[in-house]
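Quick look at final-v7.txt (compact mmCIF, C-alpha atoms):
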# COMPACT_ATOMS: atom_id res chain seq x y z
CA MET A 9 163.79 29.95 105.77
CA ASN A 10 163.03 32.39 102.98
CA ILE A 11 159.74 34.14 103.77
CA LEU A 12 157.46 36.33 101.65
CA ILE A 13 154.82 38.63 103.14
CA LEU A 14 152.18 40.01 100.79
CA GLY A 15 150.99 43.54 101.55
CA GLY A 16 152.28 47.03 102.18
CA GLY A 17 150.46 48.52 105.15
CA GLY A 18 150.97 48.89 108.88
CA ARG A 19 149.77 45.34 109.46
CA GLU A 20 152.44 43.97 107.13
CA HIS A 21 155.15 46.14 108.70
CA ALA A 22 154.20 44.68 112.09
CA LEU A 23 154.21 41.13 110.70
CA ALA A 24 157.61 41.73 109.12
CA TRP A 25 159.00 43.12 112.37
CA ALA A 26 157.82 40.05 114.31
CA VAL A 27 159.05 37.55 111.71
CA LEU A 28 162.50 39.14 111.72
CA GLN A 29 162.79 38.53 115.47
CA ASN A 30 162.71 34.78 114.81
CA PRO A 31 166.06 33.07 114.08
CA LYS A 32 164.31 30.73 111.61
CA CYS A 33 164.01 33.67 109.22
CA ASP A 34 166.99 33.73 106.87
CA LYS A 35 165.58 36.11 104.28
CA LEU A 36 162.43 38.25 104.29
CA ILE A 37 160.79 39.85 101.26
CA VAL A 38 157.66 42.00 101.45
CA ALA A 39 155.58 42.81 98.39
CA PRO A 40 155.02 45.65 97.75
CA GLY A 41 156.08 46.98 101.16
CA ASN A 42 156.45 50.66 102.05
CA ALA A 43 159.12 53.14 103.11
CA GLY A 44 159.32 51.77 106.65
CA ILE A 45 159.37 48.12 105.63
CA ALA A 46 162.17 48.88 103.16
CA LYS A 47 164.42 49.77 106.08
CA ILE A 48 164.19 46.27 107.57
CA ALA A 49 163.47 43.95 104.63
CA GLU A 50 163.71 43.62 100.88
CA CYS A 51 160.68 44.98 99.02
CA ALA A 52 159.38 43.67 95.71
CA ASP A 53 157.03 45.41 93.29
CA LEU A 54 154.52 42.61 92.61
CA ASP A 55 150.88 42.43 91.62
CA ILE A 56 149.78 40.59 94.76
CA LEU A 57 146.32 39.93 93.30
CA ASP A 58 147.84 37.72 90.59
CA GLY A 59 148.61 34.28 92.02
CA GLY A 60 150.56 33.25 88.92
CA VAL A 61 152.88 36.25 89.17
CA VAL A 62 153.41 35.71 92.89
CA GLY A 63 154.03 31.99 92.36
CA GLN A 64 156.67 32.66 89.71
CA PHE A 65 158.38 35.13 92.02
CA CYS A 66 158.39 32.51 94.79
CA GLU A 67 159.97 29.97 92.48
CA GLU A 68 162.67 32.39 91.40
CA ASN A 69 163.46 33.41 94.98
CA ALA A 70 163.24 29.94 96.62
CA ILE A 71 160.49 31.08 99.00
CA ASP A 72 159.68 28.55 101.72
CA PHE A 73 156.70 30.22 103.40
CA ILE A 74 154.20 32.88 102.36
CA ILE A 75 152.12 35.03 104.72
CA VAL A 76 149.18 36.79 103.06
CA GLY A 77 148.49 40.05 104.88
CA PRO A 78 145.46 41.86 103.38
CA GLU A 79 142.03 40.55 102.47
CA ALA A 80 142.00 41.41 98.75
CA PRO A 81 144.47 38.70 97.59
CA LEU A 82 142.70 36.16 99.79
CA ALA A 83 139.34 37.01 98.24
CA ALA A 84 141.01 36.77 94.81
CA GLY A 85 142.18 33.20 95.51
CA VAL A 86 145.90 33.91 95.64
CA ALA A 87 146.38 31.51 98.58
CA ASP A 88 144.73 28.75 96.51
CA ASP A 89 146.99 29.44 93.53
CA LEU A 90 150.09 29.28 95.71
CA ARG A 91 149.03 26.10 97.51
CA ASN A 92 148.24 24.47 94.18
CA ALA A 93 151.75 25.37 93.07
CA GLY A 94 153.17 23.53 96.09
CA PHE A 95 153.95 26.44 98.42
CA LEU A 96 153.30 26.58 102.16
CA VAL A 97 150.86 29.45 102.78
CA PHE A 98 149.35 31.19 105.80
CA GLY A 99 145.90 32.41 104.80
CA PRO A 100 142.49 30.95 103.96
CA SER A 101 141.25 29.75 100.58
CA LYS A 102 139.04 31.96 98.41
CA ASP A 103 135.96 29.99 99.46
CA ALA A 104 136.83 30.21 103.16
CA ALA A 105 137.66 33.92 102.82
CA ARG A 106 134.00 34.53 101.96
CA LEU A 107 133.58 34.86 105.73
CA GLU A 108 134.92 38.37 105.17
CA ALA A 109 134.26 38.91 101.48
CA SER A 110 130.48 38.46 101.90
CA LYS A 111 128.62 39.59 104.99
CA GLY A 112 125.54 37.76 103.72
CA PHE A 113 127.53 34.53 103.56
CA THR A 114 128.70 35.04 107.14
CA LYS A 115 125.08 35.41 108.27
CA GLU A 116 124.21 32.22 106.43
CA ILE A 117 127.02 30.38 108.24
CA CYS A 118 125.94 31.81 111.60
CA ASP A 119 122.38 30.61 110.99
CA ALA A 120 123.58 27.12 110.15
CA ALA A 121 126.03 27.02 113.07
CA GLY A 122 123.67 28.56 115.62
CA ALA A 123 126.22 31.27 116.40
CA PRO A 124 124.77 34.29 118.27
CA THR A 125 124.75 37.41 116.09
CA ALA A 126 122.53 40.35 115.18
CA GLY A 127 119.17 39.85 113.47
CA TYR A 128 119.37 40.79 109.80
CA ALA A 129 117.93 40.86 106.29
CA ARG A 130 119.61 40.83 102.84
CA PHE A 131 118.67 43.02 99.86
CA THR A 132 119.66 43.47 96.22
CA GLU A 133 117.33 46.40 95.53
CA ALA A 134 116.97 49.79 97.20
CA GLY A 135 113.17 49.86 97.47
CA PRO A 136 112.66 46.79 99.67
CA ALA A 137 115.72 47.75 101.74
CA LYS A 138 114.24 51.16 102.49
CA ASP A 139 110.87 49.62 103.34
CA TYR A 140 112.64 47.31 105.82
CA ILE A 141 114.44 50.25 107.44
CA ARG A 142 111.21 52.19 107.84
CA ALA A 143 109.53 49.16 109.38
CA GLN A 144 112.38 48.40 111.79
CA GLY A 145 113.36 51.95 112.66
CA ALA A 146 116.69 53.36 113.83
CA PRO A 147 119.18 52.79 115.28
CA ILE A 148 120.08 50.25 112.62
CA VAL A 149 123.23 49.08 110.81
CA VAL A 150 123.61 49.11 107.02
CA LYS A 151 126.47 47.07 105.52
CA ALA A 152 127.77 46.67 101.99
CA ASP A 153 127.95 42.91 101.45
CA GLY A 154 131.44 42.85 99.93
CA LEU A 155 134.90 44.20 100.73
CA ALA A 156 134.94 47.96 101.23
CA ALA A 157 138.30 48.56 102.95
CA GLY A 158 136.67 48.77 106.38
CA LYS A 159 134.38 51.64 105.34
CA GLY A 160 131.24 49.85 104.10
CA VAL A 161 129.44 49.85 107.43
CA ILE A 162 127.06 52.65 108.40
CA VAL A 163 125.80 52.71 111.99
CA ALA A 164 122.70 54.84 111.50
CA MET A 165 121.20 56.48 114.57
CA ASP A 166 118.26 57.85 112.60
CA ASP A 167 116.18 56.69 109.62
CA ALA A 168 117.45 59.44 107.33
CA THR A 169 121.07 58.32 107.69
CA ALA A 170 120.13 54.71 107.04
CA LEU A 171 118.09 55.58 103.95
CA ALA A 172 120.93 57.74 102.63
CA ALA A 173 123.31 54.81 103.13
CA ILE A 174 121.07 52.66 100.94
CA ASP A 175 121.19 55.30 98.20
CA ASP A 176 124.98 55.49 98.47
CA MET A 177 125.50 51.73 98.36
CA PHE A 178 123.15 50.97 95.51
CA GLY A 179 124.37 54.16 93.83
CA GLY A 180 127.87 52.72 93.53
CA GLU A 181 129.81 54.50 96.28
CA PHE A 182 131.39 51.20 97.31
CA GLY A 183 131.53 49.68 93.83
CA ALA A 184 130.66 46.01 93.50
CA ALA A 185 130.81 45.65 97.31
CA GLY A 186 127.47 47.45 97.53
CA ALA A 187 125.60 45.38 94.95
CA GLU A 188 124.02 43.53 97.86
CA VAL A 189 123.27 45.05 101.24
CA VAL A 190 122.87 43.48 104.67
CA ILE A 191 120.78 45.42 107.18
CA GLU A 192 121.31 44.43 110.79
CA GLU A 193 119.86 44.98 114.20
CA PHE A 194 121.80 47.59 116.15
CA MET A 195 123.64 45.78 118.95
CA GLU A 196 124.40 47.64 122.16
CA GLY A 197 127.45 46.87 124.23
CA GLU A 198 131.23 47.12 124.06
CA GLU A 199 133.02 46.03 120.90
CA ALA A 200 136.26 44.05 120.99
CA SER A 201 138.40 41.86 118.74
CA PHE A 202 139.38 38.24 119.34
CA PHE A 203 142.05 36.52 117.22
CA VAL A 204 142.21 32.79 116.61
CA LEU A 205 144.62 30.77 114.46
CA CYS A 206 143.06 27.85 112.57
CA ASP A 207 144.54 24.95 110.63
CA GLY A 208 141.36 23.44 109.20
CA GLU A 209 140.75 21.27 112.27
CA ASN A 210 142.26 22.94 115.32
CA ALA A 211 141.87 26.46 116.69
CA LEU A 212 144.21 28.40 118.97
CA PRO A 213 143.29 31.78 120.53
CA ILE A 214 146.26 34.13 120.26
CA GLY A 215 145.06 37.41 121.72
CA THR A 216 142.50 40.15 122.22
CA ALA A 217 142.44 43.82 121.30
CA GLN A 218 140.14 46.81 121.19
CA ASP A 219 140.04 49.10 118.18
CA HIS A 220 138.85 52.73 117.94
CA LYS A 221 136.91 53.12 114.70
CA ARG A 222 135.71 56.72 114.83
CA ALA A 223 137.96 59.42 113.42
CA TYR A 224 137.96 61.84 116.34
CA ASP A 225 138.27 61.98 120.12
CA GLY A 226 135.28 60.86 122.12
CA ASP A 227 134.33 58.36 119.40
CA GLU A 228 133.04 61.20 117.25
CA GLY A 229 133.10 61.54 113.48
CA PRO A 230 132.92 59.01 110.66
CA ASN A 231 133.98 55.38 110.81
CA THR A 232 137.53 54.66 109.65
CA GLY A 233 139.72 51.63 109.14
CA GLY A 234 140.86 52.14 112.75
CA MET A 235 142.56 55.05 114.57
CA GLY A 236 144.26 53.08 117.34
CA ALA A 237 144.10 49.94 119.43
CA TYR A 238 145.30 48.33 122.61
CA SER A 239 145.87 44.79 123.82
CA PRO A 240 144.74 42.92 125.83
CA ALA A 241 141.06 43.89 125.96
CA PRO A 242 139.86 43.44 129.57
CA VAL A 243 136.23 43.21 128.44
CA LEU A 244 137.07 39.82 126.90
CA SER A 245 137.33 37.90 130.16
CA ASP A 246 138.38 34.25 130.25
CA ALA A 247 134.73 33.26 130.65
CA ILE A 248 133.65 35.26 127.60
CA GLN A 249 136.53 33.89 125.54
CA THR A 250 135.41 30.36 126.42
CA GLN A 251 131.85 31.25 125.38
CA VAL A 252 133.09 32.67 122.08
CA MET A 253 135.11 29.56 121.28
CA ASP A 254 132.28 27.18 122.22
CA GLN A 255 129.32 29.07 120.71
CA ILE A 256 130.85 30.99 117.79
CA VAL A 257 134.30 29.87 116.64
CA TYR A 258 134.09 26.07 116.86
CA PRO A 259 130.55 25.88 115.40
CA THR A 260 131.67 28.12 112.52
CA LEU A 261 134.75 26.00 111.82
CA ARG A 262 132.68 22.82 111.88
CA GLU A 263 130.17 24.30 109.44
CA MET A 264 132.95 25.46 107.11
CA ALA A 265 134.55 22.01 107.16
CA LYS A 266 131.16 20.40 106.58
CA ARG A 267 130.82 22.49 103.41
CA GLY A 268 134.21 21.34 102.14
CA THR A 269 135.89 24.68 102.77
CA PRO A 270 137.96 24.20 105.95
CA TYR A 271 139.28 27.45 107.37
CA GLU A 272 143.07 27.90 107.57
CA GLY A 273 144.78 31.07 108.73
CA VAL A 274 143.84 33.74 111.23
CA LEU A 275 140.19 34.30 112.07
CA TYR A 276 139.50 37.81 113.33
CA VAL A 277 136.33 37.60 115.40
CA GLY A 278 134.65 40.98 115.88
CA LEU A 279 132.40 40.85 118.94
CA MET A 280 129.83 42.90 120.82
CA ILE A 281 129.80 42.21 124.56
CA LYS A 282 126.86 42.98 126.79
CA ASP A 283 125.82 41.55 130.16
CA GLY A 284 128.72 39.10 130.22
CA ALA A 285 127.97 37.50 126.84
CA ALA A 286 129.27 38.04 123.30
CA ARG A 287 127.59 38.14 119.93
CA LEU A 288 129.35 38.13 116.57
CA VAL A 289 129.60 41.45 114.75
CA GLU A 290 131.65 40.19 111.82
CA TYR A 291 134.49 37.92 110.76
CA ASN A 292 137.63 39.04 109.00
CA CYS A 293 139.98 36.57 107.34
CA ARG A 294 143.21 38.39 108.18
CA PHE A 295 144.78 40.24 111.09
CA GLY A 296 143.09 43.50 112.00
CA ASP A 297 144.82 46.75 111.24
CA PRO A 298 145.73 48.37 113.68
CA GLU A 299 145.12 45.40 116.05
CA CYS A 300 147.91 43.42 114.41
CA GLN A 301 150.43 46.02 115.50
CA VAL A 302 149.72 45.61 119.21
CA LEU A 303 149.50 41.81 118.92
CA MET A 304 152.82 41.52 117.10
CA LEU A 305 154.61 43.78 119.58
CA ARG A 306 153.39 41.53 122.41
CA LEU A 307 153.96 38.21 120.63
CA GLY A 308 157.36 38.95 119.11
CA ALA A 309 159.33 36.07 117.59
CA GLN A 310 156.77 33.39 118.48
CA ALA A 311 154.28 34.94 116.03
CA PHE A 312 156.16 33.31 113.17
CA ASP A 313 156.20 29.90 114.88
CA LEU A 314 152.44 30.06 115.49
CA MET A 315 151.62 31.03 111.91
CA HIS A 316 153.96 28.33 110.61
CA ALA A 317 152.28 25.74 112.84
CA ALA A 318 148.88 26.76 111.47
CA ALA A 319 150.08 26.41 107.88
CA GLU A 320 151.56 22.96 108.62
CA LYS A 321 148.34 21.83 110.38
CA ARG A 322 149.95 21.22 113.77
CA LEU A 323 148.20 23.79 115.91
CA ASP A 324 147.16 21.05 118.33
CA LYS A 325 150.77 21.05 119.55
CA ALA A 326 151.25 24.85 119.57
CA ARG A 327 151.06 27.08 122.64
CA VAL A 328 151.07 30.85 123.12
CA ASN A 329 153.49 32.26 125.69
CA TRP A 330 152.10 35.61 126.78
CA ALA A 331 154.08 38.13 128.75
CA ASP A 332 152.07 39.99 131.38
CA ASP A 333 152.23 43.24 129.43
CA HIS A 334 150.12 45.72 127.49
CA ALA A 335 150.51 47.42 124.12
CA MET A 336 148.96 50.42 122.40
CA THR A 337 149.13 51.79 118.87
CA VAL A 338 148.12 55.28 117.79
CA VAL A 339 147.38 55.93 114.11
CA LEU A 340 148.65 59.10 112.49
CA ALA A 341 146.40 59.91 109.53
CA ALA A 342 146.37 62.52 106.79
CA ASP A 343 144.14 65.54 107.40
CA GLY A 344 140.76 64.87 105.82
CA TYR A 345 140.84 61.09 106.30
CA PRO A 346 138.58 59.09 105.92
CA GLY A 347 137.38 61.59 103.31
CA SER A 348 139.61 63.22 100.70
CA TYR A 349 143.18 63.93 101.74
CA GLU A 350 146.45 65.11 100.22
CA LYS A 351 149.27 62.74 99.30
CA GLY A 352 152.94 63.57 99.01
CA THR A 353 153.39 65.65 102.17
CA GLU A 354 156.74 65.16 103.88
CA ILE A 355 157.04 63.52 107.29
CA LYS A 356 160.06 64.48 109.40
CA GLY A 357 161.48 63.33 112.70
CA LEU A 358 161.07 59.59 112.09
CA ASP A 359 164.78 58.76 112.38
CA ALA A 360 164.80 60.19 115.91
CA LEU A 361 162.04 57.89 117.13
CA PRO A 362 163.02 54.96 119.36
CA ALA A 363 163.16 51.52 117.72
CA THR A 364 163.26 48.91 120.47
CA SER A 365 161.31 45.86 121.59
CA PHE A 366 159.11 48.32 123.51
CA GLU A 367 158.64 51.12 120.93
CA VAL A 368 158.25 50.83 117.17
CA CYS A 369 156.86 53.14 114.51
CA PHE A 370 155.15 50.96 111.93
CA HIS A 371 154.63 52.57 108.53
CA ALA A 372 151.25 52.18 106.85
CA GLY A 373 150.85 54.60 103.93
CA THR A 374 154.34 55.92 103.17
CA THR A 375 156.72 56.09 100.24
CA ALA A 376 160.38 57.10 99.97
CA ASP A 377 161.60 59.87 97.66
CA LYS A 378 165.24 60.97 97.53
CA GLY A 379 165.81 60.26 101.20
CA ARG A 380 162.52 61.80 102.29
CA VAL A 381 159.49 59.94 103.67
CA LEU A 382 156.22 61.06 102.10
CA ALA A 383 152.63 60.33 103.08
CA ASN A 384 151.00 58.04 100.53
CA GLY A 385 147.67 57.09 102.08
CA GLY A 386 144.97 57.93 104.59
CA ARG A 387 146.35 56.08 107.59
CA VAL A 388 150.07 56.77 107.39
CA LEU A 389 151.92 55.78 110.59
CA ASN A 390 151.24 53.53 113.59
CA VAL A 391 153.29 54.51 116.64
CA THR A 392 153.22 51.44 118.86
CA ALA A 393 154.53 50.79 122.35
CA ARG A 394 154.22 48.26 125.13
CA GLY A 395 154.69 48.45 128.87
CA ALA A 396 154.00 46.74 132.17
CA THR A 397 150.72 48.68 132.31
CA LEU A 398 148.46 50.15 129.65
CA GLN A 399 149.22 53.63 131.00
CA GLU A 400 152.94 53.03 130.50
CA ALA A 401 152.32 51.81 126.95
CA ARG A 402 150.09 54.82 126.29
CA ASP A 403 152.68 57.30 127.60
CA ARG A 404 155.33 55.82 125.32
CA ALA A 405 153.06 55.74 122.27
CA TYR A 406 151.93 59.35 122.67
CA ALA A 407 155.49 60.53 123.28
CA MET A 408 156.36 59.04 119.89
CA ALA A 409 153.30 60.56 118.22
CA GLY A 410 154.19 64.00 119.57
CA ALA A 411 157.73 63.71 118.24
CA VAL A 412 156.63 63.20 114.62
CA ASP A 413 156.96 66.40 112.59
CA TRP A 414 154.02 66.26 110.17
CA PRO A 415 151.75 69.32 110.17
CA GLU A 416 149.45 67.73 107.57
CA GLY A 417 148.58 64.81 109.85
CA PHE A 418 146.36 64.24 112.87
CA TYR A 419 145.71 61.57 115.51
CA ARG A 420 143.24 60.82 118.25
CA ARG A 421 144.48 61.72 121.70
CA ASP A 422 142.20 59.41 123.68
CA ILE A 423 143.11 55.88 122.59
CA GLY A 424 142.41 53.61 125.54
CA TRP A 425 139.79 55.96 127.02
CA ARG A 426 137.46 53.12 128.00
CA ILE A 427 140.00 51.92 130.56
CA LEU A 428 142.18 54.93 131.27
CA GLY A 429 139.62 57.71 130.92
Represent the structure contained in this file as structure tokens.
Amino acid sequence: MNILILGGGGREHALAWAVLQNPKCDKLIVAPGNAGIAKIAECADLDILDGGVVGQFCEENAIDFIIVGPEAPLAAGVADDLRNAGFLVFGPSKDAARLEASKGFTKEICDAAGAPTAGYARFTEAGPAKDYIRAQGAPIVVKADGLAAGKGVIVAMDDATALAAIDDMFGGEFGAAGAEVVIEEFMEGEEASFFVLCDGENALPIGTAQDHKRAYDGDEGPNTGGMGAYSPAPVLSDAIQTQVMDQIVYPTLREMAKRGTPYEGVLYVGLMIKDGAARLVEYNCRFGDPECQVLMLRLGAQAFDLMHAAAEKRLDKARVNWADDHAMTVVLAADGYPGSYEKGTEIKGLDALPATSFEVCFHAGTTADKGRVLANGGRVLNVTARGATLQEARDRAYAMAGAVDWPEGFYRRDIGWRILG
């Protein structure tokens, strides 16, 4: 099969790596890709937010299957355009992708489905939002309603921080994403990620992971798009996974189908676990980044078969074959991230890193220039490893991180601290 992956980050590098393990893949193209992806697949410079352009490219290149990686093209309706043109696509429709594109919409669905989540209120003006914060008191969570690249959530431990977040959001810091704001109850507990494939009718859990959102060791500093992850997440026991499917996932899918917008693709279920029960933090309509990296390293070639089964609406016959292993990814980011940072710094030592079924360096924000690899984003590399134990995976991942020669970068040195200390 000829396969196209849309996207150019670490998530898409991991998806490409897994797809290439499968013998059903004859040709793989990634658009736009990055310097690391270009070493294993063909890259194409496409406007992935334009469904017409992508569709024409697919026609010209006899593409059989399209995997949409990031949320932006899904929210723009690219999956709809491609399906309407007759292509087989992995990824939800624009209407179904509102589960990520609008936090207010997700709350509405949770209310209708009876899914346990945080108490909340929605606002389109700063004044009433601030009055609500003063009445509720901190800690409290302020969220931009729309897509903000993983940065539109402020967990405010005091009123002043929450009120400042309102000023920032309605002041345009997050663009159109902040035109509406959702203010939520602060939920205590341990956060984890649960991934489920959906085909409009059936749902298949495919793995768990735990991300590390804060920039610095000890969960200090600002929120980021994610500084590292590991899989599986022990906090998501079999009993809690059953509760999540019965009380959150299935009711949500039924409500979406009832509204005429059945959900197809991967559903990333962000959860808060306390006292043996889970509540929904948020939904994302694509694989997490960096959670995808640890999932793909553990799933390998079968990842393609599972995504293909979801797209062909035959998940009821699909099964996940898990190895009894663990994986960890550590994100190398540019100094200053998630604030301002420098682009164009050279990264050395990458060719000396191991590239096996146990150790892979996935590129996130890189570009190639005359044989050199340059940093081209905030989160730049994802060194990922697996092992029989999480400690073994961690040792391998940090050995890779330490071997990268990039003085202008940094990484957390405590990924997995909840389990390993």
| request: Give me the residues within 9 Å of A:Gly127 as a ChimeraX atom specification, counting all atoms listed in the file and dropping any in the same chain fewer than 4 places off. | output: /A:191-194
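Counting only C-alpha atoms, the residue from A:Glu400, A:Asp176, A:Asp377, A:Glu196 that sits nearest to A:Val161 is A:Asp176.
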Near A:Ala409, within 10 Å and counting only C-alpha atoms, which residues show up once chain neighbours fewer than 3 positions away are dropped, as a compact mmCIF listing (two decimals) with C-alpha atoms, keeping the file's coordinate frame?
# COMPACT_ATOMS: atom_id res chain seq x y z
CA THR A 337 149.13 51.79 118.87
CA VAL A 338 148.12 55.28 117.79
CA VAL A 339 147.38 55.93 114.11
CA LEU A 340 148.65 59.10 112.49
CA LEU A 358 161.07 59.59 112.09
CA LEU A 361 162.04 57.89 117.13
CA CYS A 369 156.86 53.14 114.51
CA LEU A 389 151.92 55.78 110.59
CA ASN A 390 151.24 53.53 113.59
CA VAL A 391 153.29 54.51 116.64
CA THR A 392 153.22 51.44 118.86
CA ASP A 403 152.68 57.30 127.60
CA ARG A 404 155.33 55.82 125.32
CA ALA A 405 153.06 55.74 122.27
CA TYR A 406 151.93 59.35 122.67
CA VAL A 412 156.63 63.20 114.62
CA ASP A 413 156.96 66.40 112.59
CA TRP A 414 154.02 66.26 110.17
CA PHE A 418 146.36 64.24 112.87
CA TYR A 419 145.71 61.57 115.51
CA ARG A 421 144.48 61.72 121.70
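Near A:Asp34, within 10 Å and counting all atoms listed in the file, sit Met9, Asn10, Ile11 and Leu28 of chain A; same-chain residues fewer than 5 positions away were not included.
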| said: Could you tell me how far atom CA of A:Gly16 sits from atom CA of A:Val368, in Å to one decimal place? | reply: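 Straight-line distance from atom CA of A:Val368 to atom CA of A:Gly16 works out to 16.6 Å.
Counting all atoms listed in the file, the residue from A:Ala24, A:Phe312, A:Val190, A:Cys66 that sits nearest to A:Thr114 is A:Val190.
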| field | Residue nearest A:Asp55 among A:Leu305, A:Val86, A:Leu314, A:Met165 (counting only C-alpha atoms) | value |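 The answer is A:Val86, which sits nearest to A:Asp55.
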| request: Compare A:Glu68, A:Glu79, A:Glu290, A:Glu181 by their minimum atom-to-atom distance to A:Ala123, counting only C-alpha atoms, and give me the closest one. | output: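 Once distances to A:Ala123 are computed over only C-alpha atoms, the minimum belongs to A:Glu290.
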| message | At a cut-off of 6 Å around the point (137.2, 47.7, 127.2) (file coordinates), what residues fall inside when counting only C-alpha atoms? I'd like the answer as an MDAnalysis selection string. | response | chainID A and resid 241:243 426
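Distances to A:Gln64 were evaluated for A:Gly236, A:Pro259, A:Pro40, A:Phe95 using only C-alpha atoms, and the minimum falls at A:Phe95.
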| request: For A:Ala80, work out the shell of residues within 10 Å, counting all atoms listed in the file and skipping chain neighbours fewer than 6 positions away, then give it as a PyMOL selection string. | output: chain A and resi 15+56-57+86+102+105+109+155-157+294
With a cut-off of 7 Å, could you pull out the residues of stretch 255-354 of chain A touching stretch 205-221 of chain A and give me the nearest pair of atoms for each, distance in Å to one decimal, using only C-alpha atoms, ordered by chain and ascending number, as a Markdown table?
| residue | atom | partner | partner_atom | distance |
| --- | --- | --- | --- | --- |
| A:Pro270 | CA | A:Gly208 | CA | 4.8 |
| A:Tyr271 | CA | A:Gly208 | CA | 4.9 |
| A:Glu272 | CA | A:Asp207 | CA | 4.5 |
| A:Gly273 | CA | A:Cys206 | CA | 5.3 |
| A:Val274 | CA | A:Leu205 | CA | 4.5 |
| A:Leu275 | CA | A:Leu205 | CA | 6.1 |
| A:Glu299 | CA | A:Ala217 | CA | 6.1 |
| A:Leu303 | CA | A:Gly215 | CA | 6.8 |
| A:Ala318 | CA | A:Asp207 | CA | 4.8 |
| A:Ala319 | CA | A:Asp207 | CA | 6.4 |
| A:Lys321 | CA | A:Asp207 | CA | 4.9 |
| A:Leu323 | CA | A:Asn210 | CA | 6.0 |
| A:Asp324 | CA | A:Asn210 | CA | 6.1 |
| A:Val328 | CA | A:Ile214 | CA | 6.5 |
| task | Would you mind listing what lies within 9 Å of A:Gly386 as a list in words, with all atoms listed in the file counted and same-chain residues fewer than 3 positions away left out? | result | Leu340, Ala341, Ala342, Asp343, Gly344, Tyr345, Pro346, Gly347, Ser348, Tyr349, Glu350, Lys351, Ala372, Gly373 and Ala383 of chain A
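Rounded to one decimal, atom CA of A:Asp166 and atom CA of A:Pro147 lie 5.8 Å from each other.
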| request: Quote the spacing between atom CA of A:Lys115 and atom CA of A:Gly197 in Å to one decimal place. | output: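 About the pair atom CA of A:Lys115 and atom CA of A:Gly197: they are 19.8 Å apart.
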| message | From the options A:Met235, A:Ala70, A:Ala331, A:Met304, which residue's atoms come nearest to A:Ile423, counting only C-alpha atoms? | response | A:Met235
